[in-house]
file model_8.txt (compact mmCIF, C-alpha atoms and all ligand atoms)
# COMPACT_ATOMS: atom_id res chain seq x y z
CA ARG H 88 78.72 -96.47 141.05
CA TRP H 89 81.67 -98.71 140.14
CA PHE H 90 84.61 -99.02 142.54
CA LEU H 91 87.99 -100.69 142.16
CA SER H 92 88.88 -102.06 145.58
CA ARG H 93 92.22 -103.53 146.56
CA ALA H 94 93.47 -104.73 149.95
CA PHE H 95 96.90 -105.95 151.07
CA PRO H 96 97.43 -107.77 154.34
CA ILE H 97 100.46 -106.65 156.31
CA ARG H 98 101.81 -109.55 158.30
CA HIS H 99 103.87 -110.05 161.41
CA SER H 100 107.07 -112.09 160.97
CA SER H 101 105.16 -114.99 162.48
CA GLY H 102 102.63 -114.77 159.59
CA GLU H 103 99.56 -113.38 161.31
CA ILE H 104 97.84 -110.35 159.79
CA ILE H 105 98.35 -107.26 161.83
CA ARG H 106 96.61 -104.76 159.60
CA TRP H 107 95.09 -104.22 156.17
CA PHE H 108 96.22 -101.65 153.71
CA GLY H 109 93.73 -100.82 150.95
CA THR H 110 92.39 -98.44 148.33
CA ASN H 111 88.88 -97.83 147.10
CA THR H 112 88.73 -95.96 143.79
CA ASP H 113 85.62 -94.70 142.02
CA VAL H 114 86.10 -95.96 138.42
CA THR H 115 82.60 -95.29 137.17
CA GLN H 116 83.78 -92.72 134.62
CA LEU H 117 86.59 -94.95 133.38
CA ARG H 118 84.18 -97.85 132.88
CA GLU H 119 81.67 -95.65 131.09
CA THR H 120 84.38 -94.32 128.78
CA GLU H 121 85.56 -97.86 128.12
CA ASP H 122 82.04 -99.05 127.29
CA ALA H 123 81.46 -96.08 124.98
CA TRP H 124 84.75 -96.81 123.25
CA LYS H 125 83.84 -100.49 122.77
CA MET H 126 80.49 -99.54 121.29
CA ALA H 127 82.07 -97.00 118.94
CA HIS H 128 84.62 -99.58 117.85
CA ALA H 129 81.94 -102.18 117.13
CA GLU H 130 79.95 -99.59 115.21
CA LEU H 131 83.01 -98.65 113.15
CA GLN H 132 83.64 -102.30 112.33
CA ARG H 133 80.05 -102.70 111.17
CA HIS H 134 80.42 -99.67 108.91
CA THR H 135 83.73 -100.87 107.47
CA GLN H 136 82.21 -104.26 106.78
CA SER H 137 79.21 -102.83 105.00
CA LEU H 138 81.42 -100.43 103.03
CA GLU H 139 83.57 -103.33 101.87
CA THR H 140 80.51 -105.30 100.83
CA THR H 141 79.18 -102.29 98.90
CA VAL H 142 82.52 -101.81 97.12
CA VAL H 143 82.69 -105.50 96.16
CA GLU H 144 79.08 -105.48 94.91
CA ARG H 145 79.48 -102.26 92.93
CA THR H 146 82.79 -103.40 91.41
CA ALA H 147 81.17 -106.63 90.26
CA ALA H 148 78.22 -104.72 88.77
CA LEU H 149 80.57 -102.32 87.03
CA ARG H 150 82.68 -105.14 85.65
CA GLU H 151 79.57 -106.79 84.29
CA THR H 152 78.45 -103.56 82.63
CA VAL H 153 81.87 -103.02 81.06
CA GLN H 154 81.87 -106.57 79.76
CA GLU H 155 78.37 -106.17 78.34
CA LEU H 156 79.43 -102.93 76.65
CA GLU H 157 82.49 -104.59 75.18
CA GLU H 158 80.42 -107.49 73.89
CA PHE H 159 77.90 -105.02 72.51
CA SER H 160 80.54 -103.00 70.67
CA TYR H 161 82.09 -106.21 69.34
CA SER H 162 78.85 -107.59 67.92
CA LEU H 163 77.78 -104.17 66.68
CA SER H 164 81.05 -103.73 64.78
CA HIS H 165 80.74 -107.24 63.45
CA ASP H 166 77.19 -106.72 62.20
CA LEU H 167 78.05 -103.36 60.64
CA ARG H 168 80.36 -105.07 58.19
CA ALA H 169 77.60 -106.98 56.35
CA PRO H 170 75.65 -103.93 54.99
CA LEU H 171 78.98 -102.24 54.36
CA ARG H 172 80.11 -105.13 52.20
CA ALA H 173 76.86 -104.77 50.23
CA MET H 174 77.55 -101.03 49.72
CA LYS H 175 81.09 -101.70 48.54
CA GLY H 176 80.02 -104.58 46.32
CA PHE H 177 77.24 -102.61 44.59
CA ALA H 178 79.49 -99.56 44.14
CA GLN H 179 82.00 -101.85 42.41
CA ILE H 180 79.33 -103.37 40.15
CA LEU H 181 78.08 -99.89 39.29
CA GLU H 182 81.60 -98.80 38.42
CA ARG H 183 82.27 -101.90 36.32
CA ASN H 184 78.96 -102.13 34.45
CA ASN H 185 77.47 -98.66 34.42
CA ALA H 186 80.40 -96.22 34.50
CA ALA H 187 79.78 -95.25 30.87
CA GLN H 188 76.22 -94.12 31.67
CA LEU H 189 77.42 -91.79 34.42
CA ASP H 190 78.68 -88.29 33.70
CA ALA H 191 81.91 -86.93 35.22
CA ASP H 192 80.19 -85.80 38.44
CA GLY H 193 78.49 -89.16 38.78
CA ARG H 194 81.84 -90.95 38.55
CA VAL H 195 83.34 -88.62 41.18
CA TYR H 196 80.42 -89.32 43.53
CA LEU H 197 80.76 -93.04 42.95
CA GLY H 198 84.47 -92.80 43.80
CA ARG H 199 83.59 -90.95 47.00
CA ILE H 200 81.07 -93.60 48.01
CA ALA H 201 83.71 -96.29 47.48
CA SER H 202 86.40 -94.44 49.45
CA ALA H 203 84.00 -93.56 52.29
CA ALA H 204 82.98 -97.22 52.48
CA GLY H 205 86.68 -98.14 52.57
CA ARG H 206 87.31 -95.74 55.44
CA LEU H 207 84.32 -97.03 57.37
CA ASP H 208 85.52 -100.59 56.85
CA GLN H 209 88.96 -99.68 58.21
CA LEU H 210 87.32 -98.02 61.20
CA ILE H 211 85.20 -101.07 61.97
CA GLN H 212 88.21 -103.35 61.62
CA ASP H 213 90.14 -101.14 64.04
CA VAL H 214 87.29 -101.18 66.57
CA LEU H 215 87.18 -104.97 66.27
CA ALA H 216 90.95 -105.17 66.75
CA TYR H 217 90.60 -102.97 69.86
CA SER H 218 87.80 -105.13 71.28
CA ARG H 219 89.87 -108.24 70.67
CA VAL H 220 92.84 -106.75 72.52
CA VAL H 221 90.52 -105.85 75.42
CA ARG H 222 88.80 -109.23 75.60
CA GLU H 223 91.21 -112.00 74.68
CA PRO H 224 92.89 -113.87 77.51
CA ILE H 225 96.67 -113.88 77.05
CA ALA H 226 99.70 -115.43 78.73
CA LEU H 227 102.94 -113.46 79.00
CA GLU H 228 106.16 -115.09 77.83
CA PRO H 229 109.61 -114.02 76.64
CA VAL H 230 109.44 -112.33 73.24
CA ASP H 231 112.35 -111.74 70.88
CA THR H 232 111.85 -108.03 70.15
CA GLU H 233 114.64 -107.94 67.57
CA ARG H 234 113.13 -110.74 65.50
CA LEU H 235 109.75 -108.97 65.47
CA VAL H 236 111.24 -105.68 64.31
CA ARG H 237 113.25 -107.50 61.59
CA GLN H 238 110.14 -109.32 60.42
CA LEU H 239 108.11 -106.09 60.35
CA ILE H 240 110.71 -104.32 58.21
CA ASP H 241 111.27 -107.31 55.89
CA GLU H 242 107.59 -107.76 55.21
CA ASN H 243 106.68 -104.14 54.49
CA PRO H 244 108.02 -102.40 51.39
CA ALA H 245 107.06 -99.01 52.91
CA LEU H 246 109.89 -99.63 55.40
CA TYR H 247 112.54 -100.58 52.79
CA PRO H 248 115.54 -98.22 52.34
CA ALA H 249 114.13 -96.87 49.05
CA ASN H 250 111.13 -95.49 50.97
CA ALA H 251 112.37 -94.84 54.50
CA ASP H 252 115.62 -94.61 56.43
CA ILE H 253 115.09 -97.02 59.33
CA GLU H 254 117.96 -97.67 61.73
CA VAL H 255 117.63 -100.49 64.24
CA ARG H 256 120.25 -100.22 66.98
CA THR H 257 120.88 -103.87 67.75
CA PRO H 258 120.79 -105.79 69.94
CA LEU H 259 117.16 -105.17 70.92
CA LEU H 260 116.51 -106.61 74.37
CA PRO H 261 113.89 -109.33 74.73
CA VAL H 262 110.82 -108.56 76.88
CA LEU H 263 108.12 -110.38 78.77
CA GLY H 264 105.05 -109.96 76.60
CA HIS H 265 102.82 -111.48 73.98
CA GLU H 266 104.19 -111.86 70.47
CA ALA H 267 101.10 -110.84 68.48
CA TYR H 268 100.34 -107.91 70.79
CA LEU H 269 103.90 -106.64 70.72
CA MET H 270 103.98 -106.91 66.93
CA GLN H 271 100.78 -104.88 66.79
CA VAL H 272 102.28 -102.21 69.07
CA ILE H 273 105.60 -101.96 67.25
CA SER H 274 103.98 -101.86 63.82
CA ASN H 275 101.53 -99.13 64.88
CA LEU H 276 104.38 -96.99 66.22
CA VAL H 277 106.71 -97.58 63.25
CA PHE H 278 104.00 -96.97 60.64
CA ASN H 279 103.03 -93.74 62.40
CA ALA H 280 106.70 -92.73 62.48
CA VAL H 281 107.00 -93.08 58.69
CA LYS H 282 103.54 -91.62 58.02
CA PHE H 283 103.60 -88.35 59.97
CA VAL H 284 106.34 -86.55 58.01
CA HIS H 285 106.14 -83.37 55.94
CA PRO H 286 104.82 -84.15 52.45
CA GLY H 287 107.70 -85.30 50.27
CA GLN H 288 110.07 -85.83 53.23
CA ARG H 289 111.88 -89.20 53.43
CA PRO H 290 111.04 -90.65 56.84
CA ARG H 291 113.95 -91.27 59.22
CA VAL H 292 113.27 -93.61 62.13
CA ARG H 293 115.50 -94.91 64.96
CA ILE H 294 114.53 -97.98 66.96
CA TRP H 295 116.43 -99.05 70.06
CA THR H 296 115.97 -100.56 73.51
CA GLU H 297 117.51 -99.77 76.88
CA PRO H 298 117.23 -101.39 80.31
CA VAL H 299 115.42 -99.29 82.94
CA ASP H 300 115.35 -100.93 86.40
CA SER H 301 113.62 -104.30 85.95
CA GLU H 302 112.12 -103.21 82.64
CA VAL H 303 113.09 -102.69 79.03
CA ARG H 304 112.25 -99.44 77.30
CA LEU H 305 111.66 -99.75 73.56
CA ASN H 306 112.01 -96.42 71.72
CA VAL H 307 110.77 -95.41 68.28
CA ARG H 308 112.03 -91.97 67.30
CA ASP H 309 111.16 -90.08 64.13
CA ASP H 310 112.07 -86.71 62.69
CA GLY H 311 108.57 -86.01 61.40
CA ILE H 312 106.04 -83.26 62.04
CA GLY H 313 105.83 -83.72 65.82
CA ILE H 314 102.85 -83.28 68.14
CA PRO H 315 101.77 -80.19 70.16
CA ALA H 316 102.20 -80.71 73.93
CA ASP H 317 98.50 -80.25 74.75
CA ALA H 318 97.50 -83.07 72.37
CA GLN H 319 100.06 -85.67 73.41
CA GLN H 320 98.13 -87.48 76.12
CA ARG H 321 94.75 -87.72 74.40
CA LEU H 322 96.29 -89.44 71.37
CA PHE H 323 96.16 -92.74 73.24
CA ALA H 324 92.35 -92.56 73.50
CA MET H 325 90.03 -93.93 70.79
CA PHE H 326 89.43 -91.92 67.59
CA GLN H 327 91.83 -89.13 68.55
CA ARG H 328 93.72 -87.46 65.71
CA VAL H 329 95.72 -84.26 65.60
CA HIS H 330 96.45 -84.14 61.90
CA GLY H 331 93.62 -84.14 59.34
CA HIS H 332 92.87 -87.29 57.37
CA HIS H 333 93.06 -85.51 54.02
CA VAL H 334 96.85 -85.34 54.32
CA TYR H 335 97.47 -88.27 56.67
CA GLU H 336 95.16 -91.26 56.35
CA GLY H 337 94.01 -93.01 59.48
CA THR H 338 91.24 -93.75 61.93
CA GLY H 339 92.73 -92.51 65.21
CA MET H 340 92.59 -96.05 66.63
CA GLY H 341 96.22 -97.18 66.25
CA LEU H 342 97.57 -95.68 69.47
CA ALA H 343 94.46 -96.69 71.46
CA ILE H 344 95.00 -100.29 70.34
CA ALA H 345 98.72 -99.98 71.15
CA ARG H 346 98.06 -98.64 74.63
CA LYS H 347 95.50 -101.32 75.42
CA ALA H 348 97.87 -104.04 74.16
CA VAL H 349 100.72 -102.63 76.27
CA GLU H 350 98.46 -102.49 79.35
CA ARG H 351 97.47 -106.13 78.79
CA MET H 352 101.22 -106.94 78.86
CA ASP H 353 101.52 -105.06 82.19
CA GLY H 354 103.51 -102.26 80.57
CA THR H 355 103.28 -98.53 79.98
CA VAL H 356 103.50 -96.37 76.88
CA GLY H 357 104.24 -92.68 76.37
CA VAL H 358 105.41 -89.97 74.03
CA GLU H 359 107.86 -87.08 74.02
CA SER H 360 107.48 -84.68 71.13
CA GLU H 361 107.89 -81.17 69.86
CA PRO H 362 106.16 -79.80 66.78
CA GLY H 363 108.61 -79.66 63.88
CA LYS H 364 111.25 -81.67 65.73
CA GLY H 365 109.83 -85.17 65.55
CA SER H 366 108.48 -87.55 68.16
CA LEU H 367 109.74 -90.29 70.43
CA PHE H 368 107.21 -92.97 71.33
CA TRP H 369 108.31 -95.39 74.05
CA VAL H 370 107.02 -98.62 75.55
CA ARG H 371 108.14 -100.08 78.87
CA LEU H 372 107.74 -103.81 79.48
CA ARG H 373 109.23 -106.25 81.95
CA LYS H 374 112.58 -107.83 81.08
CA ALA H 375 112.33 -111.31 79.61
CA SER H 376 114.72 -112.79 82.21
CA PRO H 377 115.24 -111.57 85.78
P1 LIG H 401 95.97 -92.79 63.05
O1 LIG H 401 97.42 -93.01 62.71
O2 LIG H 401 95.07 -93.81 62.45
O3 LIG H 401 95.52 -91.40 62.81
P2 LIG H 401 96.80 -93.23 65.79
O4 LIG H 401 95.96 -93.59 66.97
O5 LIG H 401 97.88 -94.18 65.41
O6 LIG H 401 95.78 -93.02 64.62
O7 LIG H 401 97.43 -91.81 66.06
C1 LIG H 401 96.60 -90.79 66.53
C2 LIG H 401 97.12 -89.44 66.10
O8 LIG H 401 98.35 -89.18 66.77
C3 LIG H 401 97.46 -89.32 64.65
O9 LIG H 401 96.32 -89.00 63.89
C4 LIG H 401 98.47 -88.20 64.64
O10 LIG H 401 97.81 -86.95 64.67
C5 LIG H 401 99.21 -88.40 65.95
N1 LIG H 401 100.47 -89.17 65.80
C6 LIG H 401 100.68 -90.48 66.05
N2 LIG H 401 101.96 -90.82 65.83
C7 LIG H 401 102.59 -89.71 65.42
C8 LIG H 401 103.95 -89.40 65.03
N3 LIG H 401 104.91 -90.33 65.03
N4 LIG H 401 104.22 -88.12 64.69
C9 LIG H 401 103.25 -87.17 64.70
N5 LIG H 401 101.97 -87.40 65.05
C10 LIG H 401 101.64 -88.65 65.40
call {"tool": "encode", "arguments": {"input": "model_8.txt", "output": "structure tokens", "more": "lines below"}}
Ligand code: ADP
result
Amino acid sequence: RWFLSRAFPIRHSSGEIIRWFGTNTDVTQLRETEDAWKMAHAELQRHTQSLETTVVERTAALRETVQELEEFSYSLSHDLRAPLRAMKGFAQILERNNAAQLDADGRVYLGRIASAAGRLDQLIQDVLAYSRVVREPIALEPVDTERLVRQLIDENPALYPANADIEVRTPLLPVLGHEAYLMQVISNLVFNAVKFVHPGQRPRVRIWTEPVDSEVRLNVRDDGIGIPADAQQRLFAMFQRVHGHHVYEGTGMGLAIARKAVERMDGTVGVESEPGKGSLFWVRLRKASP
């Protein structure tokens, strides 16, 4: 067995030892417990180490798979455009050269082929835009939000006063972002805001920014048809639409692209809405200056 032994000499004033005082303690159990604890600790460290290695390996494998999938979807979308161009081209030739030989039904079917090809082309372009936003390396820098919004409105007749009532509450605060990505986000939100109104209604849109902690919140509010609560979150996923494409054209990719672009700029995006009362889409990004 293991013993812990201690002995103290008790001395006379002259220095000579007159007696010993000592203890002799059985520490076998203590030592055994200590050894067991050391072994358990070493074992735990081994497990932690191997768990960390597994996580690192699996994460790398997963990242590789995601990248392969992204590359696959990019090249697939790219290659899909060639046969589509042929379809569109031949439909146009048929319409130009052979329309007279077709009866009324034939012309309707030809029109449907052309418009379906157009929709498919838009879809492919949106998927490509999404893949680009996912893949491209970007650097964040200060972006003049107000200039982008001005430019968007100036360059798009659909946003002129004759077609829509757009109020920009200046000044719009600058943010830390990427100019092309932010333009893509703002234009997707503003075009949705003017698109999703009741048929015949003149769109009314308010755009403003506000500081929130170390961030800027950019708001785009409309008074359109609104979105049911249970659909609001899924809208930011690919191909999600709440309103049918016969009334409101679209591919369901705009908000997915916007969310991915905002994420790439280290920001967040969200929506508050009530059917019939319009929607408020917001984006939060870091302030341009501290
Ligand atoms: P798209 O506009 O091509 O349909 P989006 O991804 O931009 O695709 O939007 C997804 C769906 O979210 C739309 O189809 C629509 O149902 C809904 N939505 C987006 N913005 C608004 C809005 N401002 N008001 C009402 N619904 C909206």
call {"tool": "closest_atom_pairs", "arguments": {"input": "model_8.txt", "of": "stretch 294-370 of chain H", "to": "stretch 211-227 of chain H", "cutoff": "10 Å", "atoms": "all atoms listed in the file", "output": "tab-separated table"}}
result
residue	atom	partner	partner_atom	distance
H:Met325	CA	H:Val214	CA	8.8
H:Phe326	CA	H:Val214	CA	9.6
H:Thr338	CA	H:Asp213	CA	7.8
H:Gly339	CA	H:Asp213	CA	9.1
H:Met340	CA	H:Asp213	CA	6.2
H:Gly341	CA	H:Asp213	CA	7.6
H:Ala343	CA	H:Tyr217	CA	7.5
H:Ile344	CA	H:Tyr217	CA	5.2
H:Ala345	CA	H:Tyr217	CA	8.7
H:Arg346	CA	H:Tyr217	CA	9.9
H:Lys347	CA	H:Val220	CA	6.7
H:Ala348	CA	H:Val220	CA	5.9
H:Val349	CA	H:Val220	CA	9.7
H:Glu350	CA	H:Val221	CA	9.5
H:Arg351	CA	H:Val221	CA	7.7
H:Met352	CA	H:Leu227	CA	6.7
H:Asp353	CA	H:Leu227	CA	9.1
call {"tool": "residues_near_point", "arguments": {"input": "model_8.txt", "point": "(107.4, -85.9, 65.8)", "cutoff": "12 Å", "atoms": "all atoms listed in the file", "output": "number ranges by chain"}}
result
H: 276-277, 279-285, 290-292, 307-316, 319, 329-330, 358-368
call {"tool": "closest_residue", "arguments": {"input": "model_8.txt", "among": "H:Arg88, H:Arg183, H:Val143, H:Val230", "to": "H:Gln116", "atoms": "all atoms listed in the file"}}
result
H:Arg88
call {"tool": "closest_residue", "arguments": {"input": "model_8.txt", "among": "H:Val370, H:Leu322, H:Val334, H:Met174", "to": "H:Leu207", "atoms": "only C-alpha atoms"}}
result
H:Met174
call {"tool": "atom_distance", "arguments": {"input": "model_8.txt", "atom1": "atom CA of H:Lys175", "atom2": "atom CA of H:Leu189"}}
result
17.6 Å
call {"tool": "atom_distance", "arguments": {"input": "model_8.txt", "atom1": "atom C4 of ligand LIG 401 (chain H)", "atom2": "atom CA of H:Gly198"}}
result
25.5 Å
call {"tool": "closest_residue", "arguments": {"input": "model_8.txt", "among": "H:Val236, H:Ala203, H:Leu131, H:Ala94", "to": "H:Thr296", "atoms": "all atoms listed in the file"}}
result
H:Val236
call {"tool": "residues_near_point", "arguments": {"input": "model_8.txt", "point": "(81.2, -104.3, 62.4)", "cutoff": "10 Å", "atoms": "all atoms listed in the file", "output": "MDAnalysis selection string"}}
result
chainID H and resid 160:171 207:215
call {"tool": "axis_aligned_box", "arguments": {"input": "model_8.txt", "around": "ligand LIG 401 (chain H)", "padding_each_side": "8 Å", "output": "AutoDock Vina command-line options"}}
result
--center_x 100.0 --center_y -90.6 --center_z 64.7 --size_x 25.8 --size_y 23.2 --size_z 20.5
call {"tool": "atom_distance", "arguments": {"input": "model_8.txt", "atom1": "atom CA of H:Arg371", "atom2": "atom CA of H:Met270"}}
result
14.4 Å
call {"tool": "closest_residue", "arguments": {"input": "model_8.txt", "among": "H:Val272, H:Gln179, H:Leu372, H:Arg289", "to": "ligand LIG 401 (chain H)", "atoms": "all atoms listed in the file"}}
result
H:Val272
call {"tool": "residues_around", "arguments": {"input": "model_8.txt", "residues": "H:Asp113", "least_positions_apart": "5", "cutoff": "9 Å", "atoms": "all atoms listed in the file", "output": "list in words"}}
result
Arg88, Trp89, Phe90, Leu91 and Ser92 of chain H
call {"tool": "closest_residue", "arguments": {"input": "model_8.txt", "among": "H:Pro244, H:Gly354, H:Pro286, H:Gly331", "to": "ligand LIG 401 (chain H)", "atoms": "all atoms listed in the file"}}
result
H:Gly331
call {"tool": "build_atoms", "arguments": {"input": "model_8.txt", "residues": "stretch 365-375 of chain H", "atoms": "all heavy atoms", "output": "mmCIF file, in the frame of the given file"}}
result
data_model
loop_
_atom_site.group_PDB
_atom_site.id
_atom_site.type_symbol
_atom_site.label_atom_id
_atom_site.label_comp_id
_atom_site.auth_asym_id
_atom_site.auth_seq_id
_atom_site.Cartn_x
_atom_site.Cartn_y
_atom_site.Cartn_z
ATOM 1 N N GLY H 365 109.991 -83.726 65.498
ATOM 2 C CA GLY H 365 109.830 -85.170 65.550
ATOM 3 C C GLY H 365 109.293 -85.657 66.891
ATOM 4 O O GLY H 365 109.079 -84.873 67.814
ATOM 5 N N SER H 366 109.082 -86.960 66.963
ATOM 6 C CA SER H 366 108.480 -87.550 68.160
ATOM 7 C C SER H 366 109.257 -88.779 68.600
ATOM 8 O O SER H 366 109.893 -89.447 67.784
ATOM 9 C CB SER H 366 107.043 -87.991 67.873
ATOM 10 O OG SER H 366 106.336 -86.975 67.214
ATOM 11 N N LEU H 367 109.167 -89.060 69.888
ATOM 12 C CA LEU H 367 109.740 -90.290 70.430
ATOM 13 C C LEU H 367 108.629 -91.015 71.173
ATOM 14 O O LEU H 367 108.139 -90.530 72.194
ATOM 15 C CB LEU H 367 110.882 -89.964 71.389
ATOM 16 C CG LEU H 367 111.362 -91.134 72.252
ATOM 17 C CD1 LEU H 367 112.088 -92.167 71.411
ATOM 18 C CD2 LEU H 367 112.261 -90.663 73.365
ATOM 19 N N PHE H 368 108.196 -92.134 70.640
ATOM 20 C CA PHE H 368 107.210 -92.970 71.330
ATOM 21 C C PHE H 368 107.969 -94.078 72.043
ATOM 22 O O PHE H 368 108.887 -94.673 71.468
ATOM 23 C CB PHE H 368 106.204 -93.574 70.345
ATOM 24 C CG PHE H 368 105.135 -92.596 69.933
ATOM 25 C CD1 PHE H 368 105.361 -91.687 68.903
ATOM 26 C CD2 PHE H 368 103.918 -92.564 70.585
ATOM 27 C CE1 PHE H 368 104.382 -90.775 68.543
ATOM 28 C CE2 PHE H 368 102.932 -91.660 70.227
ATOM 29 C CZ PHE H 368 103.166 -90.758 69.202
ATOM 30 N N TRP H 369 107.623 -94.316 73.310
ATOM 31 C CA TRP H 369 108.310 -95.390 74.050
ATOM 32 C C TRP H 369 107.316 -96.339 74.700
ATOM 33 O O TRP H 369 106.175 -95.969 74.989
ATOM 34 C CB TRP H 369 109.262 -94.810 75.103
ATOM 35 C CG TRP H 369 108.599 -93.883 76.085
ATOM 36 C CD1 TRP H 369 108.592 -92.524 76.025
ATOM 37 C CD2 TRP H 369 107.842 -94.245 77.253
ATOM 38 N NE1 TRP H 369 107.864 -92.020 77.081
ATOM 39 C CE2 TRP H 369 107.402 -93.051 77.854
ATOM 40 C CE3 TRP H 369 107.489 -95.456 77.850
ATOM 41 C CZ2 TRP H 369 106.631 -93.031 79.018
ATOM 42 C CZ3 TRP H 369 106.714 -95.441 79.016
ATOM 43 C CH2 TRP H 369 106.308 -94.234 79.579
ATOM 44 N N VAL H 370 107.814 -97.575 74.892
ATOM 45 C CA VAL H 370 107.020 -98.620 75.550
ATOM 46 C C VAL H 370 107.897 -99.242 76.604
ATOM 47 O O VAL H 370 109.058 -99.545 76.338
ATOM 48 C CB VAL H 370 106.628 -99.708 74.520
ATOM 49 C CG1 VAL H 370 105.984 -100.886 75.218
ATOM 50 C CG2 VAL H 370 105.693 -99.152 73.470
ATOM 51 N N ARG H 371 107.368 -99.400 77.813
ATOM 52 C CA ARG H 371 108.140 -100.080 78.870
ATOM 53 C C ARG H 371 107.468 -101.394 79.219
ATOM 54 O O ARG H 371 106.282 -101.426 79.532
ATOM 55 C CB ARG H 371 108.235 -99.192 80.109
ATOM 56 C CG ARG H 371 109.324 -98.128 79.969
ATOM 57 C CD ARG H 371 109.355 -97.218 81.144
ATOM 58 N NE ARG H 371 109.810 -97.904 82.344
ATOM 59 C CZ ARG H 371 110.456 -97.297 83.341
ATOM 60 N NH1 ARG H 371 110.711 -96.011 83.264
ATOM 61 N NH2 ARG H 371 110.835 -97.974 84.391
ATOM 62 N N LEU H 372 108.250 -102.470 79.148
ATOM 63 C CA LEU H 372 107.740 -103.810 79.480
ATOM 64 C C LEU H 372 108.758 -104.499 80.376
ATOM 65 O O LEU H 372 109.928 -104.106 80.397
ATOM 66 C CB LEU H 372 107.552 -104.626 78.198
ATOM 67 C CG LEU H 372 106.431 -104.153 77.261
ATOM 68 C CD1 LEU H 372 106.569 -104.811 75.905
ATOM 69 C CD2 LEU H 372 105.065 -104.444 77.851
ATOM 70 N N ARG H 373 108.300 -105.536 81.075
ATOM 71 C CA ARG H 373 109.230 -106.250 81.950
ATOM 72 C C ARG H 373 110.304 -106.966 81.141
ATOM 73 O O ARG H 373 110.064 -107.378 80.007
ATOM 74 C CB ARG H 373 108.460 -107.266 82.803
ATOM 75 C CG ARG H 373 108.105 -106.707 84.160
ATOM 76 C CD ARG H 373 107.366 -107.723 84.954
ATOM 77 N NE ARG H 373 105.980 -107.807 84.512
ATOM 78 C CZ ARG H 373 105.187 -108.845 84.723
ATOM 79 N NH1 ARG H 373 105.628 -109.913 85.345
ATOM 80 N NH2 ARG H 373 103.943 -108.833 84.308
ATOM 81 N N LYS H 374 111.496 -107.084 81.738
ATOM 82 C CA LYS H 374 112.580 -107.830 81.080
ATOM 83 C C LYS H 374 112.177 -109.285 80.915
ATOM 84 O O LYS H 374 111.456 -109.826 81.767
ATOM 85 C CB LYS H 374 113.832 -107.799 81.958
ATOM 86 C CG LYS H 374 114.689 -106.598 81.727
ATOM 87 C CD LYS H 374 115.983 -106.720 82.529
ATOM 88 C CE LYS H 374 116.687 -105.392 82.490
ATOM 89 N NZ LYS H 374 117.450 -105.110 83.679
ATOM 90 N N ALA H 375 112.688 -109.912 79.855
ATOM 91 C CA ALA H 375 112.330 -111.310 79.610
ATOM 92 C C ALA H 375 112.897 -112.219 80.700
ATOM 93 O O ALA H 375 112.249 -113.137 81.147
ATOM 94 C CB ALA H 375 112.829 -111.752 78.250
#
